[in-house]
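Trainee: Before we start, here is the structure in question, set down as structure tokens.
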Amino acid sequence: MTIDSDKSSMLRAPRPARTRARAAIALVALIATVGVTVIVPSMAEAAEPVGVISDTAVPETLFAPDYSAIEVGMKFSPTTTGTLSGVQFYQNAPNSGVTSASVWSSSGTRLAMIPVDPWAPVGWRTIPVNVALTAGSSYIVSVYDSNSRFPVDSNAFERATTINGITTPADAGMYRYGRASAFPSSSVEGYNFLVDVVFTGANTVSASAPTPTATATPSATPTPAATATPAPTVTPTPTTSPTPTAAPSPSGDPTSPSALEPDPTSAVYGPDGTHWPRNTPHEDQARIVKVAATWAAISAAIVANASSADPVVICVAPGTITGGNGATSSSRGVLQSIGNATRASRILVTPCNGIGTTRVGTGTGVAFVGVNGVSIVGIDFSAQKVMIRNSENLSIGYSTVPVLLITANGGSGVRNVDVVEIVAGPEAATGVSYDRVEVKSAGGYDVDGLRFAGFYGAPNYKPDASTGHTDTLQFVTTSGDGTISNVTLEDSVLFQSSDQGIMAGANVSGAITHSAFFGGVVGQLRYPMYAGGDPITLSNLLHGTWTNVAVSDTIVAGTISAAYTFAAVARSASTAGDRGFTALPSPTIADIDRLAPMPTPARLAAIWD
């Protein structure tokens, strides 16, 4: 994940096995880590409706520490033709926030959607449906959780299993973040969101139930452990996303078949309107505080609400916010030393009249310094570069920025900062000798838990013979022994600048999931080098040093530094086709337009509406 590392940073993993058998049942499996009983009906009970997860199962983690609306579900395939008569899920609170249940084909077609009253007693619920299923076909059942903080189990869907005539693949737990129900196309290693089926087939008997490995019994009243939130190295792994409904790019046919393999190359990468900052309410889920379009009014409202306990949205009037003190490593912030990093949820600052209706006027840059527990979403920053410095639990999202700078040089450094649906571009910047996005540690202060989700990075091109170093995303430690750790990129797209695409600066741990990187001559198919620019002769995409990074569902059209060490590489392709990556044929402009739609104003308006 957000799932978000999260979105991202909460999912642990699933468990198999639930059945609706009424008579004697045989214990055939037990998930050792969690203790969920897997049961199979006898042949005489083959006509009984069955499922995958035990009727007595309770969540390992009752409330995942995540606050973004999300669709969660389970992928499965029946071994016989039959009828799906219900979607089951675990109601983890009297008001679970679950407002709908859905059945999907593997391609993302919704086969059924049933409204759900979020109020019910804690425990398993069954939502009736009536959908005919075909043997061997894949389906997903899911529920939309508007409140999030969903139940979750770990280490359950670690391998493909057939139980009660229902096959679940490895990583069968599926999810998708967003403000409305949508096809849950991403998965996390092993995760189970306690969503199940009620299925009646011709011969619903387990063909390959796992052998018992433990005899633990699930607790009736589990207490979420302090360590339930996984490290960023287990950031949810988006797999494939349905193509957003946006106008085709003029430079190619996004719907044309591609020669690219493997599966990640059939996905769509970059901003799509589904990502959201961690632990941040939506406008319809919080108390609204209306303010004028000034930094002073926004600052006063944050101060006044920093110590409150309820979800708060600071709604900014339409218009232009003037002012800015620059965006250097010493600039005073337009918002400075305010907020509460330990607040139950971040304070959302967003335009009253929709994304982009409040904008920042021209200037030398704006800085947010020591701003904690705040998400700034939908304010248009396209006229000024932006600096985030020494802030914790801060997010910037749903905006276009010419330059983004993130610096740790005082206080507690930079911790748990989200860059969500940010377009750094979308046009190439020419004749410049600076980075598009720079993440810097100085003076011994750390950058930890930085997350890019739905990010788009266009290149910066320097003049011919320039001695400047120009990267699209640079990580650097300029002084002291500070570390840059647990950085995640998910659902993101990046094009190589004059020097590198990503220039890692001794990064430690983190994850790159469901992302696409284009360098060298491939990147220049979209962004040709301008007349007078410094020619790009190499395709340096993942450069510098990054240790223990996990990569999944990602394509790299360019080179990968030998100083990158991978915790894992899954379902990913690269030009070299080595080190766990499969071989990637050279993408065409039609491939790029299909995989990474150009974030034009029209497209952004459509997906951000």
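As shown in the structure tokens, the chain order sets the letters A, B, ...; within each chain, residues go from 1, and ligands are also counted from 1 in the order they appear.
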For range 457-461 of chain A, work out the shell of residues within 7 Å, counting only C-alpha atoms and skipping chain neighbours fewer than 5 positions away, then give it as an MDAnalysis selection string.
Mentor: chainID A and resid 423:432 435:436 470:472 493:498 533
Trainee: Would you list the contacts of range 105-113 of chain A as a PyMOL selection string, taking every protein, DNA or RNA residue within 12 Å and counting only C-alpha atoms, but skipping same-chain residues closer than 3 positions in sequence?
Mentor: chain A and resi 74-77+84-87+99-102+116+127-134+136-144+174+176+181-186+240-244+266-267
Trainee: Just want the 9 Å neighbourhood of Val521 in chain A, counted on only C-alpha atoms, with same-chain residues fewer than 5 positions away dropped. Output as an mmCIF file with C-alpha atoms, in the first residue's frame.
Mentor:
```cif
data_model
loop_
_atom_site.group_PDB
_atom_site.id
_atom_site.type_symbol
_atom_site.label_atom_id
_atom_site.label_comp_id
_atom_site.auth_asym_id
_atom_site.auth_seq_id
_atom_site.Cartn_x
_atom_site.Cartn_y
_atom_site.Cartn_z
ATOM 1 C CA PRO A 528 12.991 15.115 -26.801
ATOM 2 C CA ILE A 536 21.884 12.149 -23.027
ATOM 3 C CA THR A 537 24.113 9.237 -23.994
ATOM 4 C CA LEU A 538 23.295 6.840 -21.141
ATOM 5 C CA SER A 539 19.998 5.619 -19.712
#
```
Trainee: Give me the residues near Val303 in chain A as a PDB file with N, CA and C atoms, in the first residue's frame, where near means some atom within 9 Å (using only C-alpha atoms) and where sequence neighbours in that chain fewer than 3 positions away do not count.
Mentor:
```
ATOM      1  N   ILE A 298      -4.748  30.277   7.458  1.00  0.00           N
ATOM      2  CA  ILE A 298      -4.527  28.834   7.503  1.00  0.00           C
ATOM      3  C   ILE A 298      -3.722  28.465   8.745  1.00  0.00           C
ATOM      4  N   SER A 299      -2.679  29.225   9.020  1.00  0.00           N
ATOM      5  CA  SER A 299      -1.834  28.965  10.185  1.00  0.00           C
ATOM      6  C   SER A 299      -2.628  29.058  11.480  1.00  0.00           C
ATOM      7  N   ALA A 300      -3.450  30.090  11.609  1.00  0.00           N
ATOM      8  CA  ALA A 300      -4.242  30.271  12.827  1.00  0.00           C
ATOM      9  C   ALA A 300      -5.209  29.108  13.033  1.00  0.00           C
ATOM     10  N   ALA A 306      -4.975  22.058  16.569  1.00  0.00           N
ATOM     11  CA  ALA A 306      -3.906  21.064  16.703  1.00  0.00           C
ATOM     12  C   ALA A 306      -4.141  20.116  17.863  1.00  0.00           C
ATOM     13  N   SER A 307      -4.749  20.606  18.940  1.00  0.00           N
ATOM     14  CA  SER A 307      -4.934  19.777  20.132  1.00  0.00           C
ATOM     15  C   SER A 307      -6.302  19.113  20.201  1.00  0.00           C
ATOM     16  N   ILE A 338       4.174  24.659  13.581  1.00  0.00           N
ATOM     17  CA  ILE A 338       2.768  24.511  13.985  1.00  0.00           C
ATOM     18  C   ILE A 338       2.332  23.066  13.779  1.00  0.00           C
ATOM     19  N   GLY A 339       1.193  22.717  14.377  1.00  0.00           N
ATOM     20  CA  GLY A 339       0.619  21.401  14.200  1.00  0.00           C
ATOM     21  C   GLY A 339       0.996  20.459  15.325  1.00  0.00           C
ATOM     22  N   ASN A 340       0.571  19.215  15.183  1.00  0.00           N
ATOM     23  CA  ASN A 340       0.735  18.213  16.228  1.00  0.00           C
ATOM     24  C   ASN A 340       1.007  16.873  15.564  1.00  0.00           C
TER      25      ASN A 340
END
```
Trainee: Quick one, how far is CA of Val52 in chain A from CA of Asp153 in chain A?
Mentor: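 Answer for the CA of Val52 in chain A to CA of Asp153 in chain A separation: 14.0 Å.
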Trainee: Find the spatial neighbours of range 500-513 of chain A, counting only C-alpha atoms, within a cut-off of 7 Å - ignore same-chain residues fewer than 2 positions away - and output them as a ChimeraX atom specification.
Mentor: /A:232-233,235,237-238,471-477,484-491,494-498,515,519,540-554
Trainee: Taking the chain letters and numbering used in this document, name the residues of range 142-176 of chain A that DSSP puts in strand (DSSP E), as a PyMOL selection string.
Mentor: chain A and resi 142-145+153-157+161-163+166-168+173-176
Trainee: Using Å and a single decimal, report how far CA of Ile70 in chain A sits from CA of Ser146 in chain A.
Mentor: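 So the two atoms, CA of Ser146 in chain A and CA of Ile70 in chain A, lie 6.5 Å apart.
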Trainee: Quick one: pull the distance between CA of Ser337 in chain A and CA of His275 in chain A, Å, one decimal.
Mentor: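 Between CA of Ser337 in chain A and CA of His275 in chain A the gap works out to 27.0 Å.
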Trainee: Would you list the contacts of Asn95 in chain A as a VMD selection string, taking every protein, DNA or RNA residue within 8 Å and counting only C-alpha atoms, but skipping same-chain residues closer than 5 positions in sequence?
Mentor: chain A and resid 118 to 120
Trainee: Taking only C-alpha atoms into account, name the residue in A:Glu438, A:Glu283, A:Asp272, A:Asp593 that is nearest to Ser329 in chain A.
Mentor: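 That would be A:Glu438, the residue with the smallest distance to Ser329 in chain A.
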Trainee: Measuring atom to atom with only C-alpha atoms, identify which of A:Ala57, A:Leu348, A:Leu62, A:Val198 is nearest to Val103 in chain A.
Mentor: A:Val198
Trainee: Identify, on the basis of only C-alpha atoms, every residue whose closest approach to Gly480 in chain A does not exceed 8 Å; exclude the query and any residue fewer than 3 positions from it along the same chain; express the result as a list in words.
Mentor: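 The residues satisfying every condition are Ala442, Gly443, Gly444, Tyr445 and Thr477 of chain A.
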Trainee: Since we have the selection now, will you write its residues out, keeping C-alpha atoms, as a CSV table (one decimal), in the first residue's frame?
Mentor:
```csv
chain,number,residue,atom,x,y,z
A,442,ALA,CA,22.1,17.7,6.4
A,443,GLY,CA,23.7,18.3,9.8
A,444,GLY,CA,23.1,14.7,10.9
A,445,TYR,CA,19.3,14.8,10.7
A,477,THR,CA,23.4,13.7,2.4
```
Trainee: With only C-alpha atoms as the basis for distance, which of A:Ser54, A:Gln336, A:Ser574, A:Ser148 is at the shortest distance from Gly97 in chain A?
Mentor: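 Comparing A:Ser54, A:Gln336, A:Ser574, A:Ser148 against Gly97 in chain A, the winner is A:Ser148.
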Trainee: Please determine, counting only C-alpha atoms, which residue among A:Asp171, A:Glu71, A:Asp464, A:Asp145 has the shortest atom-to-atom distance to Phe157 in chain A.
Mentor: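 Of A:Asp171, A:Glu71, A:Asp464, A:Asp145, the one nearest Phe157 in chain A, counting only C-alpha atoms, is A:Asp171.
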